[in-house]
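Some notes on the structure that comes next.
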Amino acid sequence: MTSKSEGAALHLKGRILVGPDDVRDEMWVVGGRVTHERPRTTREFTTVEGWVLPGLVDAHCHVGLDAHGPVDAATAEKQALTDRDGGALLLRDAGSPSDTRWIDDRADLPRIIRAGRHIARTRRYIRNYAHEIEPEDLVAYVAQEARRGDGWVKLVGDWIDRSTGDLESCWPPGEVAAAIAEAHRLGARVTAHCFAENSLAPLVEAGIDCIEHATGLTEETIPLFAERGVAIVPTLVNIATFPDLAVGGEKKFPRWADHMRRLHARRYDTVRAAYDAGVPVFAGTDAGGSLAHGLVAEEVAELRKAGLPAVAALSATTWGARDWLGRPGLTEGASADLVVYPEDPRADVRVLAAPRRVVLRGRVCLL
């Protein structure tokens with residue numbers, strides 16, 4: 001992709017999807033910012049036509065990380081560019097051992113909301129990813145990552161326990177409640193990786209803000225999530241890998257392998273039941289571990305397959321996701337971070353896979 005200068009003035013025409021119920025015929029970009037008022041200027045505008053959405057959100061990805069751990073800056077740059085070219089202009093980095101602050105100085109790369117580095121129990125997560133600690137150190141490490149991140153902290157809530165051969169909770173309730181309280185005191189929200197059933201209720205009762213994956217949700221725990229307003233980011237494109245993971249691990253951990261298959265088999269029913277109960281659902285891909293970047297359109301299509309209405313699936317990566325993360329969309333004066341499509345994404349979310357234009361900080365990327 002190539003980019004025009006940041007000073008380009010744009011006139012966007014067609015259908016501007018400012019919100020799910022706010023559709024306008026035109027919008028302008030002046031000085032890299034959105035305006036809905038016709039500019040009083042003799043400046044020449046470049047016209048861009050199509051269906052316009054706020055820049056997509058990947059609410060769970062990992063820039064600066066691959067299957068083996070931290071990566072160099074050149075690889076991280078490619079990851080971020082791949083996300084950008086797919087229309088994902090706001091990334092919630094849900095744990096990374098790499099320092100990616102340099103990306104903030106790049107006008108051509110997506111904006112990142114960081115959760116610091118994963119915090120896991122000793123030998124209870126992927127090697128080279130996390131701070132691996134014991135419960136007595138949890139509060140201190142949560143405080144450390146709350147200060148390093150951008151308003152989020154990421155815990156590993158459950159993982160395979162070699163002593164039982166299955167997924168088990170990682171943290172005692174008292175310690176995790178104290179850690180979440182400390183994060184909140186420091187102004188950060190807390191999320192946790194959770195596959196299994198038994199880790200969920202204690203984390204919600206401890207005051208957690210979000211659960212990643214959430215494959216273990218049941219009819220008993222879904223109402224608790226809805227009552228407390230705890231969001232989920234299902235990462236269905238990642239959950240699709242569970243059968244292969246089970247094959248790789250069933251010889252050593254047959255209970256775990258069977259459990260992973262069962263979680264996979266009911267994944268769509270789980271997400272739809274959560275949505276129907278009023279649990280906030282957002283789109284995230286889990287890119288950057290073993291998955292490639294640039295998959296946010298596939299994740300939205302998976303949410304539709306799970307039964308979310310088209311507008312709800314779009315909101316999970318646009319209006320609703322940006323509001324949840326405290327970032328503006330196509331509001332007056334906001335940075336012009338937007339994506340243009342040739343057809344109505346509300347009619348078919350698969351349109352997201354082929355953007356016509358990507359505009360980041362007022363720069364037009366030509367596909």
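The chains in the structure tokens are called A, B, ... from first to last as shown; in each chain the residues are counted from 1, and the ligands are counted from 1 in the order shown.
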query: If we count only C-alpha atoms, what is near stretch 242-248 of chain A at a cut-off of 7 Å, once residues fewer than 2 positions away on the same chain are taken out, given as a PyMOL selection string?
result: chain A and resi 239-240+250+257+260-261+264
Save out the residues we just selected, N, CA and C atoms, as an mmCIF file, in the first residue's frame.
data_model
loop_
_atom_site.group_PDB
_atom_site.id
_atom_site.type_symbol
_atom_site.label_atom_id
_atom_site.label_comp_id
_atom_site.auth_asym_id
_atom_site.auth_seq_id
_atom_site.Cartn_x
_atom_site.Cartn_y
_atom_site.Cartn_z
ATOM 1 N N ILE A 239 -10.175 -20.173 18.508
ATOM 2 C CA ILE A 239 -10.833 -21.370 19.034
ATOM 3 C C ILE A 239 -10.942 -22.438 17.949
ATOM 4 N N ALA A 240 -10.945 -22.021 16.687
ATOM 5 C CA ALA A 240 -10.983 -22.977 15.576
ATOM 6 C C ALA A 240 -9.768 -23.908 15.577
ATOM 7 N N GLU A 250 -3.094 -35.080 22.967
ATOM 8 C CA GLU A 250 -3.925 -36.098 23.581
ATOM 9 C C GLU A 250 -3.145 -37.296 24.116
ATOM 10 N N ALA A 257 -7.280 -32.926 26.176
ATOM 11 C CA ALA A 257 -7.631 -32.992 24.758
ATOM 12 C C ALA A 257 -9.134 -33.153 24.579
ATOM 13 N N MET A 260 -10.830 -29.830 25.414
ATOM 14 C CA MET A 260 -10.679 -28.838 24.357
ATOM 15 C C MET A 260 -11.630 -29.115 23.187
ATOM 16 N N ARG A 261 -11.817 -30.368 22.868
ATOM 17 C CA ARG A 261 -12.761 -30.697 21.783
ATOM 18 C C ARG A 261 -14.196 -30.314 22.162
ATOM 19 N N HIS A 264 -14.630 -26.603 21.937
ATOM 20 C CA HIS A 264 -14.705 -26.210 20.530
ATOM 21 C C HIS A 264 -16.073 -26.525 19.941
#
task: Show which residues sit within 6 Å of A:Thr82, as a ChimeraX atom specification. Count only C-alpha atoms, and ignore same-chain residues fewer than 3 positions away.
output: /A:79,85,294
Go ahead and dump the residues you just picked, all heavy atoms, as a compact mmCIF listing (two decimals), in the first residue's frame.
# COMPACT_ATOMS: atom_id res chain seq x y z
N GLN A 79 3.65 -6.96 11.30
CA GLN A 79 2.40 -7.35 11.94
C GLN A 79 1.42 -6.17 11.97
O GLN A 79 0.24 -6.31 11.62
CB GLN A 79 2.68 -7.84 13.35
CG GLN A 79 3.45 -9.14 13.43
CD GLN A 79 3.84 -9.49 14.86
OE1 GLN A 79 3.91 -8.63 15.73
NE2 GLN A 79 4.10 -10.77 15.11
N ASP A 85 -3.64 -2.79 6.92
CA ASP A 85 -4.12 -3.02 5.56
C ASP A 85 -5.42 -3.80 5.52
O ASP A 85 -6.15 -3.76 4.53
CB ASP A 85 -3.05 -3.74 4.74
CG ASP A 85 -1.81 -2.87 4.52
OD1 ASP A 85 -1.84 -1.69 4.88
OD2 ASP A 85 -0.81 -3.40 3.98
N GLY A 294 -4.12 -9.60 10.67
CA GLY A 294 -5.00 -9.25 9.56
C GLY A 294 -6.26 -10.08 9.46
O GLY A 294 -6.85 -10.16 8.39
query: DSSP says helix (DSSP H, G or I) for which residues of stretch 149-308 of chain A? Put them as a ChimeraX atom specification?
result: /A:173-185,200-205,222-228,236-239,242-249,254-265,267-276,296-305
message: I want to know what sits within 10 Å of A:Leu10, based on only C-alpha atoms, with residues of the same chain fewer than 5 positions away left out; could you give that as a count of residues only?
response: 18
message: Taking only C-alpha atoms into account, name the residue in A:Ile16, A:Leu155, A:Leu186, A:Ala115 that is nearest to A:His131.
response: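 Residue with the minimum atom-to-atom distance to A:His131: A:Leu155.
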Close residues, A:Trp102 itself excluded, 12 Å, only C-alpha atoms, min 6 positions apart in chain, as a short mmCIF file (atom, residue, chain, number, x, y, z; two decimals) with C-alpha atoms, in the first residue's frame:
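selection_20.cif, freshly written:
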data_model
loop_
_atom_site.label_atom_id
_atom_site.label_comp_id
_atom_site.auth_asym_id
_atom_site.auth_seq_id
_atom_site.Cartn_x
_atom_site.Cartn_y
_atom_site.Cartn_z
CA VAL A 63 2.07 -7.05 18.23
CA GLY A 64 5.70 -7.91 18.89
CA ALA A 73 11.05 -4.45 15.40
CA ALA A 74 10.94 -5.31 11.69
CA ALA A 76 6.44 -6.20 14.68
CA GLU A 77 6.20 -3.53 11.97
CA ALA A 80 1.07 -3.84 12.49
CA LEU A 109 0.80 2.34 11.95
CA PRO A 110 -2.36 1.50 13.93
CA ARG A 111 -2.98 2.87 17.38
CA ILE A 112 -2.28 0.37 20.16
#
message: Need to verify the contact set: A:Val190, 10 Å, only C-alpha atoms, exclusion of same-chain residues closer than 5 positions in sequence. Can you return it as a ChimeraX atom specification?
response: /A:115,142,146,151-155,179-181,183-184,203,207-211
For the selection you just gave me, I'd like the residues written to a file as a short mmCIF file (atom, residue, chain, number, x, y, z; two decimals), in the first residue's frame, keeping all heavy atoms.
data_model
loop_
_atom_site.label_atom_id
_atom_site.label_comp_id
_atom_site.auth_asym_id
_atom_site.auth_seq_id
_atom_site.Cartn_x
_atom_site.Cartn_y
_atom_site.Cartn_z
N ALA A 115 -1.75 -3.89 27.19
CA ALA A 115 -2.06 -4.48 28.50
C ALA A 115 -0.80 -4.95 29.22
O ALA A 115 -0.86 -5.78 30.10
CB ALA A 115 -3.02 -5.67 28.32
N VAL A 142 0.84 -7.04 39.05
CA VAL A 142 -0.30 -6.35 38.45
C VAL A 142 -0.10 -4.84 38.52
O VAL A 142 -0.36 -4.11 37.55
CB VAL A 142 -1.62 -6.78 39.13
CG1 VAL A 142 -2.74 -5.80 38.80
CG2 VAL A 142 -2.01 -8.18 38.66
N ALA A 146 0.14 -2.47 35.31
CA ALA A 146 -0.84 -1.40 35.21
C ALA A 146 -0.16 -0.07 34.90
O ALA A 146 -0.67 0.75 34.12
CB ALA A 146 -1.64 -1.30 36.51
N GLY A 151 -3.89 1.24 30.40
CA GLY A 151 -5.18 1.11 31.05
C GLY A 151 -5.71 -0.29 31.13
O GLY A 151 -6.87 -0.49 31.50
N TRP A 152 -4.86 -1.30 30.81
CA TRP A 152 -5.27 -2.69 30.91
C TRP A 152 -4.13 -3.53 31.49
O TRP A 152 -2.95 -3.20 31.32
CB TRP A 152 -5.63 -3.27 29.53
CG TRP A 152 -6.96 -2.84 29.03
CD1 TRP A 152 -7.24 -1.74 28.27
CD2 TRP A 152 -8.22 -3.48 29.28
NE1 TRP A 152 -8.59 -1.65 28.01
CE2 TRP A 152 -9.21 -2.71 28.61
CE3 TRP A 152 -8.59 -4.62 29.98
CZ2 TRP A 152 -10.56 -3.05 28.65
CZ3 TRP A 152 -9.93 -4.97 30.00
CH2 TRP A 152 -10.91 -4.20 29.35
N VAL A 153 -4.52 -4.62 32.16
CA VAL A 153 -3.59 -5.64 32.64
C VAL A 153 -4.14 -7.00 32.20
O VAL A 153 -5.35 -7.22 32.22
CB VAL A 153 -3.46 -5.61 34.18
CG1 VAL A 153 -2.57 -6.76 34.67
CG2 VAL A 153 -2.90 -4.27 34.65
N LYS A 154 -3.24 -7.91 31.82
CA LYS A 154 -3.66 -9.22 31.32
C LYS A 154 -3.14 -10.34 32.22
O LYS A 154 -1.94 -10.50 32.40
CB LYS A 154 -3.11 -9.42 29.90
CG LYS A 154 -3.26 -10.83 29.32
CD LYS A 154 -4.69 -11.16 28.95
CE LYS A 154 -4.76 -12.52 28.26
NZ LYS A 154 -4.10 -12.51 26.94
N LEU A 155 -4.07 -11.13 32.77
CA LEU A 155 -3.74 -12.31 33.56
C LEU A 155 -3.97 -13.57 32.73
O LEU A 155 -4.80 -13.57 31.81
CB LEU A 155 -4.62 -12.40 34.80
CG LEU A 155 -4.66 -11.21 35.75
CD1 LEU A 155 -5.61 -11.52 36.91
CD2 LEU A 155 -3.28 -10.86 36.26
N ALA A 179 -5.40 -8.25 43.68
CA ALA A 179 -4.69 -7.75 42.50
C ALA A 179 -5.60 -6.91 41.62
O ALA A 179 -5.19 -5.85 41.11
CB ALA A 179 -4.12 -8.92 41.72
N ILE A 180 -6.81 -7.36 41.40
CA ILE A 180 -7.76 -6.59 40.58
C ILE A 180 -8.09 -5.27 41.26
O ILE A 180 -8.16 -4.22 40.60
CB ILE A 180 -9.02 -7.42 40.31
CG1 ILE A 180 -8.68 -8.59 39.38
CG2 ILE A 180 -10.12 -6.55 39.69
CD1 ILE A 180 -9.80 -9.59 39.20
N ALA A 181 -8.25 -5.29 42.57
CA ALA A 181 -8.52 -4.05 43.30
C ALA A 181 -7.37 -3.06 43.15
O ALA A 181 -7.57 -1.85 43.00
CB ALA A 181 -8.76 -4.35 44.78
N ALA A 183 -5.23 -2.93 40.57
CA ALA A 183 -5.29 -2.40 39.21
C ALA A 183 -6.32 -1.31 39.09
O ALA A 183 -6.07 -0.25 38.49
CB ALA A 183 -5.59 -3.54 38.23
N HIS A 184 -7.49 -1.54 39.65
CA HIS A 184 -8.55 -0.52 39.60
C HIS A 184 -8.12 0.75 40.32
O HIS A 184 -8.42 1.87 39.87
CB HIS A 184 -9.83 -1.08 40.20
CG HIS A 184 -10.48 -2.13 39.34
ND1 HIS A 184 -11.53 -2.92 39.80
CD2 HIS A 184 -10.25 -2.51 38.06
CE1 HIS A 184 -11.89 -3.74 38.82
NE2 HIS A 184 -11.13 -3.52 37.77
N LEU A 203 -13.21 -15.21 39.09
CA LEU A 203 -12.66 -13.98 38.52
C LEU A 203 -13.71 -12.88 38.43
O LEU A 203 -13.44 -11.71 38.72
CB LEU A 203 -12.08 -14.26 37.13
CG LEU A 203 -10.76 -15.03 37.10
CD1 LEU A 203 -10.43 -15.50 35.70
CD2 LEU A 203 -9.62 -14.19 37.66
N GLY A 207 -14.10 -9.11 40.58
CA GLY A 207 -14.21 -7.79 39.98
C GLY A 207 -13.54 -7.61 38.63
O GLY A 207 -13.34 -6.47 38.19
N ILE A 208 -13.24 -8.71 37.94
CA ILE A 208 -12.57 -8.59 36.65
C ILE A 208 -13.47 -7.87 35.64
O ILE A 208 -14.70 -7.90 35.75
CB ILE A 208 -12.12 -9.97 36.14
CG1 ILE A 208 -10.97 -9.82 35.15
CG2 ILE A 208 -13.29 -10.73 35.50
CD1 ILE A 208 -10.13 -11.05 35.00
N ASP A 209 -12.84 -7.24 34.65
CA ASP A 209 -13.57 -6.42 33.68
C ASP A 209 -13.88 -7.14 32.37
O ASP A 209 -14.81 -6.77 31.66
CB ASP A 209 -12.75 -5.17 33.37
CG ASP A 209 -12.45 -4.38 34.63
OD1 ASP A 209 -13.36 -3.68 35.11
OD2 ASP A 209 -11.31 -4.46 35.14
N CYS A 210 -13.06 -8.14 32.02
CA CYS A 210 -13.20 -8.80 30.73
C CYS A 210 -12.60 -10.19 30.81
O CYS A 210 -11.70 -10.43 31.63
CB CYS A 210 -12.48 -7.98 29.65
SG CYS A 210 -12.55 -8.67 27.97
N ILE A 211 -13.10 -11.08 29.98
CA ILE A 211 -12.53 -12.42 29.84
C ILE A 211 -12.24 -12.67 28.36
O ILE A 211 -13.10 -12.46 27.50
CB ILE A 211 -13.48 -13.51 30.38
CG1 ILE A 211 -13.66 -13.36 31.90
CG2 ILE A 211 -12.94 -14.91 30.04
CD1 ILE A 211 -12.42 -13.68 32.73
#
- request: Excluding A:Ala94 and residues on its chain fewer than 2 positions from it, collect all residues at most 6 Å away from it, counting only C-alpha atoms, and give them as a ChimeraX atom specification.
  value: /A:60-61,92,115
message: Set the distance at 12 Å and use only C-alpha atoms: which residues neighbour A:Gly278 once local chain neighbours fewer than 2 positions away are removed? I'd like the list as number ranges by chain.
response: A: 222-232, 271-276, 280-281, 308, 312
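Reported to one decimal place, the separation of atom CA of A:Thr241 from atom CA of A:Leu167 is 16.4 Å.
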Two-atom distance - atom CA of A:Trp159, atom CA of A:Ala301 (Å):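 One can read the atom CA of A:Trp159 to atom CA of A:Ala301 distance as 27.6 Å.
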query: Out of A:Gly174, A:Leu138, A:His193, A:Leu89, which residue has the shortest atom-to-atom distance to A:Tyr125 when counting only C-alpha atoms?
result: A:His193
- prompt: Quick one, how far is atom CA of A:Arg38 from atom CA of A:Val340?
  reply: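 These two atoms are separated by 19.7 Å.
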